[in-house]
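Novice: Mind having a look at this structure? Questions to follow.
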Amino acid sequence: MGSKSNRSRRYSEEFKRDAVALVHSSGRTVTEVAREIGVSAEGLRNWVKQDTIDRQGTPGELTSAEREELRRLRRQNREQAETIEVLRKAAVFSAKESDR
């Protein structure tokens, strides 16, 4: 069984591209290639699937660029919500101070 550190390991985009290319060019199964390069078969299968989506634009699936944009927009939304909350609290505090 793998340790937690193996499951959370991040691989470079270049490594992922090379691994996907190896699957496509070698004629071997995803499981065989995954074992050879030391990654989980499930992870490699996901990389192959995402590569297919990125190249073919599969309907109903997000490309890598769209996923990155969604992450960026969610982060931006979270930061703006935090700013709004701080300003709301400051306005309440300011209103209470002016009542004194």
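By convention in this document, the chains of the structure tokens carry letters A, B, ... by their order, each chain's residues are numbered from 1, and ligands are numbered from 1 in the order they are shown.
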Using only C-alpha atoms, tabulate the residues of range 52-87 of chain A lying at most 12 Å from any atom of range 10-20 of chain A, each with its closest atom pair and that distance in Å to one decimal, by chain and increasing residue number, as CSV.
Specialist:
```
residue,atom,partner,partner_atom,distance
A:Thr52,CA,A:Val20,CA,9.8
A:Asp54,CA,A:Arg17,CA,11.8
A:Ser64,CA,A:Glu13,CA,10.9
```
Novice: For Lys49 in chain A, work out the shell of residues within 12 Å, counting only C-alpha atoms and skipping chain neighbours fewer than 3 positions away, then give it as a PyMOL selection string.
Specialist: chain A and resi 16-17+20+23-24+30+42-46+52-58+61-64
Novice: For each of A:Leu22, A:Gly60, A:Val48, A:Leu70, take the minimum atom-to-atom distance to Glu36 in chain A, counting only C-alpha atoms, then give the residue where this is smallest.
Specialist: A:Leu22
Novice: Using CA of Val39 in chain A and CA of Arg75 in chain A as the two end points, give the distance in Å to one decimal.
Specialist: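 CA of Val39 in chain A sits 29.1 Å away from CA of Arg75 in chain A.
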Novice: Determine which residues of chain A DSSP labels as alpha helix (DSSP H) from the backbone of this structure, then write them out as an MDAnalysis selection string.
Specialist: chainID A and resid 4:7 13:26 30:37 41:56 64:98
